[in-house]
Structure formats: C-alpha cells, structure tokens
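Peer 1: Here you go, one structure.
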Amino acid sequence: MNGYEICAKSLKSSALDVQHATLTGNLMGDANNDDLRVSFDSRLKLKFCGSKVTTDAGLLAYRELDEVLSLTEMGAEVLTDLRLGTNKQHGLVPMLRQSIYSRLAGYEDVNDAERLAVDPAMRHVVGGRAAQADKEAASTSGVGRFETETLSTSSNLTALMNLSGEWIDKAHRCKPLKQLILDLDSSVSETYGDQEGTAYNGHFECACYHPLFLFNQLGDLEYAMLRRGNHASAKFWRRVLLPVIERYRHLDIPKFFRGDAAFANPALYRVLEKEGYCYVIRLKANAVLEREIEHLLTRPVGRPSHKPKVFYHSFQYQAKSWQRSRRVVAKVEWHTGELFPRVGFIVTNSNKHSKNVVKFYNGRGTAEQWIKEGKNAVKWTKLSCRTFKDNQTRLQLFALAYNLANFLRRLALPHEVKHWSLTTLREKLVKIGAKVTRHAKYVTFQLAEVAITRKLFAAILDRVERLALPPPVVAPCSE
C-alpha cells in the first residue's frame, strides 16, 4: 500500500467518524475523539466535556438561601400536583425549582430545559431525582406540561400569585420592617402574533400586555398581575393592592403609598385613609389647580440663574368626584432657556413640609428601576405562550425568580458589592464556570475564580447561614 492509499484511507475514516458524530449529536462528548486544536497557539487543546462542566455554578448560592428560608418548599404546602403515573418522575417542588432557577439564570424559554436537564448545577439545584448519578432534570416537554397544565389551574395560579408575598414575609422575619412603603406602577410586555389578551396600547405604541406591579421599598415584588394590553394603568388596582394591605394590617409601623397620576382615584384615597396609610399621588393639572398657583407662574424678576428656581405651594382642593377636600402640594420649576415653567401637583394626606412631600414622591422612581431590572435580569417580559392564563402563570414564575435574586442582594451580599444590580449579579455570580467531579461520597464543583473570588463567595454563604430562622418555640404542655 503506497502513501497515497494510506492518506485516502485515513481521510475516509475521519470523514466517517465525523458523519457518525454528527448523526449521534455527540461531536466532542466521546473520550475517543481527538482534541480540537487552534492555529494561533499550538499549545492549546480544546475539549468538550458535556455534562462535566457548567456555566451556572453561582446558582448554588441562591439555592442555599432558598434552603435556609424554606422558600420553594412552601410550594408543596399551597400547590396541588395533578400529574399522574409516568408524568411524575420529578416531584412538584423540584419541578417548581427548575422553572424558577432557569429563569433566574436567564433562560426564559422553556426550550432551554433540553440542555439544562443535563447541566450539573441545575440538576443539583433542582434536587430529588435530578441530583442522582446518571439522572437528568425534567425535559422541555415535562417543564412545559408542568407550567401550562399543573400550575395554570385556577387554584394553583391563585396560590402562585400569593406565593411571592409569603416569601417576602419569610424574608422579613430575618430583618423586620421598621416602615412600609408601597409603590404601584404598570409596565409593558410586548407581544407577537395572535396571543390571547394582546391589544394595541396607544401610550406604548405597540401590541402588548399591560402588567401591574406592586413593590415595597426594599425592591421586593409584593404582587404582580398580567392584564390585557388595552387596560388602563389603574385597572384592577384593588386586586393587587388589597391582598398586600391585608398581609401587613397587623404590623404597627408607619405605612406609605406612592403612585403616579394614573392612580389619582378617590376610591383609592378612601381605602388608604381607612387603613392608616400616608399617601402621595400625582395629580394631572387642570384649570382650577393652576389658578391656585397663578402667582408662581410669572417668571421671576432678575438675571436667570444657572440652577433652576424652585417654588412650592400647599393648598386645600376638592374635585367634583371627591367627598371632601384634600391637601395638594404644587412644585413650580423655572429653568434657564425654557419659556414656561415645569409644574407638578401631588395630592397627599401627609402633614410634612411641601419640599419633603415632593422629595418623598420622587423616590417612587426606584420602582421604575426595579421594573427595568426585572426586564433585563430575569426577562419577565418574555411571555410567549398562546393563552392568557399560561402567560399569567409564567409571569408569576418570573416574579418568584426576581424575588429570590433580590433577597440574596439585600440579605446576603457583603457591603462592597451591595450596590450590584440584578443583571450584574447574574453575569458575575450566577454565571460562574465550574468543572464537576463526582466521587462515591461527594460531588465537587471546581469554580473559576474570576469575577467572584473564593473569599467573596464564602462571605455570601456565611451571611446566608446566619439568616437561618430559629425553630419555633413550643409551649410546654400544662398538666
């Protein structure tokens, strides 16, 4: 056999190996395959280790927090598992964890479950059968059925919508509230195609859903509700606000509410006044309100200053739909180079100085920032189901993922990284690469020490451990 025949035979054999690997979908997972090489550095060899490595090792820190606070375990208490027979290879709680943690890691599409099912970090975070050797987490079809058939039933969906509040109550036990501030705001979730409930919204200038969100001052999402795209901003405010008011009614602490002009509703004022809330809500300008500040609408005399000239005025006002008059605070700003002043009105039952009322109202901008974090970090606007109730279910799963991420940020992060956004946490903490080795007794994650050092990761775990709630005190039985 000459050299040409040997070369031809070798090429034919290599082609058959590549064809077989392509058909079996295991291009580099087989140990018999040669390493890949690159030409720019002959020292480099590339190996594909398949399920022996993970890019989401940081999820283990969130799972530890989950375990300490017993968060996902609460799902077994409030949710009903309707699956039968072979559809129950994975328990309800592990399935719930897979739905939440995949979104926490940035995998908003259920199709990602096909790859995540063999990811070692996801398998051990999910627990149960998935964490056993040579087993996998739930497949795409399994996760899809769980979310659209089990969780989307009327009773389970109601329980899922209330679960965020129950999680927040658990977190408050670790760090009790000294005051409560609620911010109510709506947002946009763009839709594509013929999704149930989609409608054109003139304000956002797109076809969308129009969800409503209620946050506390710590960034926790107290309640979320998906609504049809053409609903007004304040539509169904009672369904969102009243359950949260009920949860906090027993707390004897100062309570506040902030909202934009969409929530300037006398029925809302009465509810807040009855429940003892101090509120600041923006009012739309009208002729009567502008007459009250007419003396401030004349440009100040003298050379314009570089800084805006700001004036405040407080007065009593009663609209036709109000049963009594209420305090209104006006703010008038004159800016250099602008012909007309910027004017804003706020209705409030607070007796604070007008400047402090406006400053407190401006704090509601943090709620808009948290909505942006939800969109960017956990991608909760990715609602791709055809039916409305399935998208409502997935919004609640996104809300749980968001809250778990926020809990770790505000309860467990050391001071030097306390300012990190949820997006930064996902990119630096969650997305830690690791090599996984399994032995008879232990499973070892060899984490890459790049953005997150061992010292920082250890500090996070230490802070999580200190959050462990003491066991409930059992009163002695009286004889």
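We name chains A, B, ... following the order of the structure tokens; residues begin at 1 in each chain, and ligands are numbered from 1 as shown.
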Could you give me the residues within segment 326-453 of chain A that DSSP places in alpha helix (DSSP H), as a ChimeraX atom specification?
Peer 2: /A:354-362,365-377,388-412,422-425
Peer 1: Report as a tab-separated table: every residue of segment 111-164 of chain A with an atom at most 12 Å from segment 68-77 of chain A, its closest pair of atoms, and their distance in Å to one decimal, counting only C-alpha atoms, with rows sorted by chain and ascending residue number.
Peer 2:
residue	atom	partner	partner_atom	distance
A:Val125	CA	A:Thr72	CA	11.2
A:Val126	CA	A:Thr72	CA	10.2
A:Gly127	CA	A:Thr72	CA	11.5
A:Leu151	CA	A:Gly75	CA	10.6
A:Asn156	CA	A:Gly75	CA	9.7
A:Leu157	CA	A:Gly75	CA	11.6
A:Ala159	CA	A:Gly75	CA	8.7
A:Leu160	CA	A:Gly75	CA	8.2
A:Met161	CA	A:Gly75	CA	11.6
A:Asn162	CA	A:Gly75	CA	10.8
A:Leu163	CA	A:Gly75	CA	7.9
A:Ser164	CA	A:Leu71	CA	9.5
Peer 1: From the options A:Gly91, A:Arg37, A:Lys255, A:Glu166, which residue's atoms come nearest to Leu400 of chain A, counting only C-alpha atoms?
Peer 2: A:Glu166
Peer 1: If we count only C-alpha atoms and set the cut-off at 10 Å, which residues sit around segment 449-465 of chain A, ignoring sequence neighbours fewer than 5 positions away in its own chain? Please answer as JSON, numbers by chain.
Peer 2: {"A": [58, 60, 61, 62, 64, 65, 66, 67, 68, 69, 408, 409, 411, 412, 413, 414, 416, 417, 425, 427, 428, 429, 430, 431, 432, 433, 434]}
Peer 1: Hey, can you spit out that residue selection with N, CA and C atoms as a tab-separated table (two decimals), in the first residue's frame?
Peer 2:
chain	number	residue	atom	x	y	z
A	58	GLY	N	-22.98	29.56	40.14
A	58	GLY	CA	-23.41	30.53	41.15
A	58	GLY	C	-24.82	30.31	41.64
A	60	LEU	N	-25.82	27.86	43.06
A	60	LEU	CA	-25.73	27.14	44.33
A	60	LEU	C	-25.88	28.08	45.52
A	61	ALA	N	-25.41	29.33	45.39
A	61	ALA	CA	-25.57	30.30	46.48
A	61	ALA	C	-27.04	30.66	46.67
A	62	TYR	N	-27.76	30.82	45.57
A	62	TYR	CA	-29.19	31.11	45.67
A	62	TYR	C	-29.95	29.91	46.24
A	64	GLU	N	-28.80	27.82	48.38
A	64	GLU	CA	-28.53	27.79	49.81
A	64	GLU	C	-29.46	28.76	50.55
A	65	LEU	N	-29.65	29.94	49.98
A	65	LEU	CA	-30.59	30.91	50.57
A	65	LEU	C	-32.01	30.34	50.56
A	66	ASP	N	-32.37	29.72	49.46
A	66	ASP	CA	-33.68	29.07	49.35
A	66	ASP	C	-33.86	28.03	50.45
A	67	GLU	N	-32.82	27.24	50.70
A	67	GLU	CA	-32.90	26.19	51.70
A	67	GLU	C	-33.02	26.76	53.11
A	68	VAL	N	-32.25	27.80	53.39
A	68	VAL	CA	-32.26	28.40	54.73
A	68	VAL	C	-33.62	29.00	55.06
A	69	LEU	N	-34.24	29.64	54.08
A	69	LEU	CA	-35.53	30.29	54.31
A	69	LEU	C	-36.72	29.38	53.99
A	408	LEU	N	-31.24	37.69	47.90
A	408	LEU	CA	-29.81	37.48	48.06
A	408	LEU	C	-29.07	38.81	48.04
A	409	ARG	N	-29.53	39.73	47.19
A	409	ARG	CA	-28.86	41.03	47.11
A	409	ARG	C	-28.99	41.80	48.42
A	411	LEU	N	-30.02	40.70	51.50
A	411	LEU	CA	-29.82	39.99	52.76
A	411	LEU	C	-28.43	39.37	52.89
A	412	ALA	N	-27.77	39.07	51.78
A	412	ALA	CA	-26.55	38.26	51.86
A	412	ALA	C	-25.32	38.87	51.22
A	413	LEU	N	-25.45	39.94	50.46
A	413	LEU	CA	-24.28	40.49	49.80
A	413	LEU	C	-23.43	41.30	50.78
A	414	PRO	N	-22.11	41.12	50.77
A	414	PRO	CA	-21.22	41.98	51.57
A	414	PRO	C	-21.32	43.43	51.12
A	416	GLU	N	-19.23	45.64	50.10
A	416	GLU	CA	-18.50	46.14	48.92
A	416	GLU	C	-19.19	45.83	47.61
A	417	VAL	N	-20.13	44.89	47.59
A	417	VAL	CA	-20.86	44.57	46.35
A	417	VAL	C	-22.36	44.76	46.52
A	425	LEU	N	-25.32	40.75	39.03
A	425	LEU	CA	-25.26	39.52	39.81
A	425	LEU	C	-25.41	38.29	38.92
A	427	GLU	N	-24.58	38.10	35.73
A	427	GLU	CA	-23.41	37.95	34.87
A	427	GLU	C	-22.15	37.57	35.64
A	428	LYS	N	-22.05	38.00	36.90
A	428	LYS	CA	-20.83	37.74	37.66
A	428	LYS	C	-20.97	36.60	38.67
A	429	LEU	N	-22.11	36.51	39.33
A	429	LEU	CA	-22.28	35.49	40.37
A	429	LEU	C	-22.91	34.22	39.81
A	430	VAL	N	-24.06	34.35	39.14
A	430	VAL	CA	-24.71	33.16	38.61
A	430	VAL	C	-23.83	32.49	37.55
A	431	LYS	N	-23.28	33.28	36.65
A	431	LYS	CA	-22.53	32.73	35.52
A	431	LYS	C	-21.07	32.43	35.88
A	432	ILE	N	-20.88	31.63	36.91
A	432	ILE	CA	-19.55	31.16	37.27
A	432	ILE	C	-19.34	29.79	36.61
A	433	GLY	N	-18.28	29.68	35.83
A	433	GLY	CA	-17.96	28.40	35.23
A	433	GLY	C	-17.36	27.45	36.26
A	434	ALA	N	-17.64	26.16	36.11
A	434	ALA	CA	-17.13	25.18	37.07
A	434	ALA	C	-16.99	23.82	36.40
Peer 1: Taking the chain letters and numbering used in this document, name the residues of segment 36-262 of chain A that DSSP puts in strand (DSSP E or B), as a count of residues only.
Peer 2: 37
Peer 1: With distances taken over only C-alpha atoms, which residue among A:Thr153, A:Gln396, A:Thr140, A:Leu96 lies nearest Gly165 of chain A?
Peer 2: A:Gln396
Peer 1: Pick the closest to Glu373 of chain A from A:Tyr269, A:Phe256, A:Phe311, A:Phe398: which is it, counting only C-alpha atoms?
Peer 2: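 The answer is A:Phe398, which sits nearest to Glu373 of chain A.
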Peer 1: I need the residue nearest Ser152 of chain A from this list: A:Asp390, A:Asp34, A:Asp134, A:Asp220. Use only C-alpha atoms for the distance.
Peer 2: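 Counting only C-alpha atoms, the residue closest to Ser152 of chain A is A:Asp390.
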Peer 1: Between segment 114-226 of chain A and segment 355-369 of chain A, at 12 Å or less, what are the per-residue closest atom pairs and their distances in Å? Count only C-alpha atoms, order by chain and rising residue number, and return it as a tab-separated table.
Peer 2:
residue	atom	partner	partner_atom	distance
A:Ile181	CA	A:Arg364	CA	9.5
A:Leu182	CA	A:Arg364	CA	8.9
A:Asp183	CA	A:Arg364	CA	6.3
A:Leu184	CA	A:Ala367	CA	7.9
A:Asp185	CA	A:Ala367	CA	7.4
A:Ser186	CA	A:Glu368	CA	9.0
A:Ser187	CA	A:Glu368	CA	8.7
A:Val188	CA	A:Glu368	CA	11.7
A:Leu212	CA	A:Ala367	CA	11.7
A:Phe213	CA	A:Ala367	CA	8.9
A:Leu214	CA	A:Ala367	CA	8.4
A:Phe215	CA	A:Ala367	CA	6.6
A:Asn216	CA	A:Ala367	CA	8.4
A:Gln217	CA	A:Ala367	CA	8.3
A:Leu218	CA	A:Thr366	CA	9.6
A:Gly219	CA	A:Ala367	CA	7.3
A:Asp220	CA	A:Ala367	CA	9.8
A:Leu221	CA	A:Ala367	CA	9.6
A:Glu222	CA	A:Ala367	CA	11.8
Peer 1: Can you write just those residues out, N, CA and C atoms, as a PDB file, in the first residue's frame?
Peer 2:
ATOM      1  N   ILE A 181     -43.248  51.030  52.640  1.00  0.00           N
ATOM      2  CA  ILE A 181     -43.549  51.935  51.535  1.00  0.00           C
ATOM      3  C   ILE A 181     -43.924  51.083  50.332  1.00  0.00           C
ATOM      4  N   LEU A 182     -45.116  51.308  49.792  1.00  0.00           N
ATOM      5  CA  LEU A 182     -45.602  50.558  48.640  1.00  0.00           C
ATOM      6  C   LEU A 182     -45.624  51.457  47.412  1.00  0.00           C
ATOM      7  N   ASP A 183     -45.078  50.951  46.313  1.00  0.00           N
ATOM      8  CA  ASP A 183     -45.087  51.674  45.035  1.00  0.00           C
ATOM      9  C   ASP A 183     -45.828  50.849  44.005  1.00  0.00           C
ATOM     10  N   LEU A 184     -46.865  51.420  43.427  1.00  0.00           N
ATOM     11  CA  LEU A 184     -47.694  50.739  42.427  1.00  0.00           C
ATOM     12  C   LEU A 184     -47.434  51.347  41.056  1.00  0.00           C
ATOM     13  N   ASP A 185     -47.146  50.492  40.075  1.00  0.00           N
ATOM     14  CA  ASP A 185     -46.847  51.015  38.739  1.00  0.00           C
ATOM     15  C   ASP A 185     -47.153  49.940  37.701  1.00  0.00           C
ATOM     16  N   SER A 186     -47.410  50.366  36.494  1.00  0.00           N
ATOM     17  CA  SER A 186     -47.670  49.439  35.393  1.00  0.00           C
ATOM     18  C   SER A 186     -46.493  49.457  34.431  1.00  0.00           C
ATOM     19  N   SER A 187     -46.456  48.468  33.544  1.00  0.00           N
ATOM     20  CA  SER A 187     -45.366  48.373  32.580  1.00  0.00           C
ATOM     21  C   SER A 187     -45.905  47.757  31.288  1.00  0.00           C
ATOM     22  N   VAL A 188     -44.994  47.470  30.375  1.00  0.00           N
ATOM     23  CA  VAL A 188     -45.372  46.937  29.074  1.00  0.00           C
ATOM     24  C   VAL A 188     -44.636  45.624  28.827  1.00  0.00           C
ATOM     25  N   LEU A 212     -49.339  44.878  35.946  1.00  0.00           N
ATOM     26  CA  LEU A 212     -49.337  45.803  37.079  1.00  0.00           C
ATOM     27  C   LEU A 212     -48.451  45.224  38.175  1.00  0.00           C
ATOM     28  N   PHE A 213     -47.557  46.055  38.742  1.00  0.00           N
ATOM     29  CA  PHE A 213     -46.588  45.596  39.729  1.00  0.00           C
ATOM     30  C   PHE A 213     -46.694  46.434  40.997  1.00  0.00           C
ATOM     31  N   LEU A 214     -46.547  45.773  42.147  1.00  0.00           N
ATOM     32  CA  LEU A 214     -46.528  46.450  43.442  1.00  0.00           C
ATOM     33  C   LEU A 214     -45.246  46.059  44.176  1.00  0.00           C
ATOM     34  N   PHE A 215     -44.392  47.045  44.457  1.00  0.00           N
ATOM     35  CA  PHE A 215     -43.114  46.824  45.133  1.00  0.00           C
ATOM     36  C   PHE A 215     -43.141  47.427  46.535  1.00  0.00           C
ATOM     37  N   ASN A 216     -42.286  46.892  47.416  1.00  0.00           N
ATOM     38  CA  ASN A 216     -42.009  47.598  48.665  1.00  0.00           C
ATOM     39  C   ASN A 216     -40.697  48.364  48.526  1.00  0.00           C
ATOM     40  N   GLN A 217     -40.310  49.090  49.570  1.00  0.00           N
ATOM     41  CA  GLN A 217     -39.155  49.971  49.470  1.00  0.00           C
ATOM     42  C   GLN A 217     -37.837  49.216  49.362  1.00  0.00           C
ATOM     43  N   LEU A 218     -37.851  47.908  49.621  1.00  0.00           N
ATOM     44  CA  LEU A 218     -36.643  47.095  49.552  1.00  0.00           C
ATOM     45  C   LEU A 218     -36.445  46.472  48.174  1.00  0.00           C
ATOM     46  N   GLY A 219     -37.378  46.730  47.273  1.00  0.00           N
ATOM     47  CA  GLY A 219     -37.276  46.172  45.931  1.00  0.00           C
ATOM     48  C   GLY A 219     -37.978  44.842  45.765  1.00  0.00           C
ATOM     49  N   ASP A 220     -38.596  44.311  46.826  1.00  0.00           N
ATOM     50  CA  ASP A 220     -39.328  43.051  46.712  1.00  0.00           C
ATOM     51  C   ASP A 220     -40.614  43.267  45.922  1.00  0.00           C
ATOM     52  N   LEU A 221     -40.939  42.330  45.056  1.00  0.00           N
ATOM     53  CA  LEU A 221     -42.175  42.406  44.266  1.00  0.00           C
ATOM     54  C   LEU A 221     -43.297  41.769  45.066  1.00  0.00           C
ATOM     55  N   GLU A 222     -44.126  42.598  45.670  1.00  0.00           N
ATOM     56  CA  GLU A 222     -45.195  42.114  46.545  1.00  0.00           C
ATOM     57  C   GLU A 222     -46.294  41.396  45.770  1.00  0.00           C
TER      58      GLU A 222
END
Peer 1: Compare A:Phe315, A:Tyr279, A:Phe407, A:Trp167 by their minimum atom-to-atom distance to Thr348 of chain A, counting only C-alpha atoms, and give me the closest one.
Peer 2: A:Tyr279
Peer 1: Please provide as a PyMOL selection string all residues within 12 Å of Glu246 of chain A, with the sequence filter that same-chain residues fewer than 6 positions apart are discarded (counting only C-alpha atoms).
Peer 2: chain A and resi 162+165+238-240+271-272+275
Peer 1: Under the rule that only C-alpha atoms are counted, which of A:His231, A:His250, A:Lys274, A:Lys52 is the nearest residue to Gln446 of chain A?
Peer 2: A:Lys52
Peer 1: Set the distance at 7 Å and use only C-alpha atoms: which residues neighbour segment 303-310 of chain A once local chain neighbours fewer than 4 positions away are removed? I'd like the list as a ChimeraX atom specification.
Peer 2: /A:332-336
Peer 1: Write out the residues from the selection above, keeping C-alpha atoms, as a PDB file, in the first residue's frame.
Peer 2:
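Once written, selection_24.pdb looks like this:
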ATOM      1  CA  VAL A 332     -43.033  75.055  40.098  1.00  0.00           C
ATOM      2  CA  GLU A 333     -39.571  74.972  38.451  1.00  0.00           C
ATOM      3  CA  TRP A 334     -38.137  77.737  36.271  1.00  0.00           C
ATOM      4  CA  HIS A 335     -35.224  76.518  34.094  1.00  0.00           C
ATOM      5  CA  THR A 336     -32.806  78.681  32.145  1.00  0.00           C
TER       6      THR A 336
END
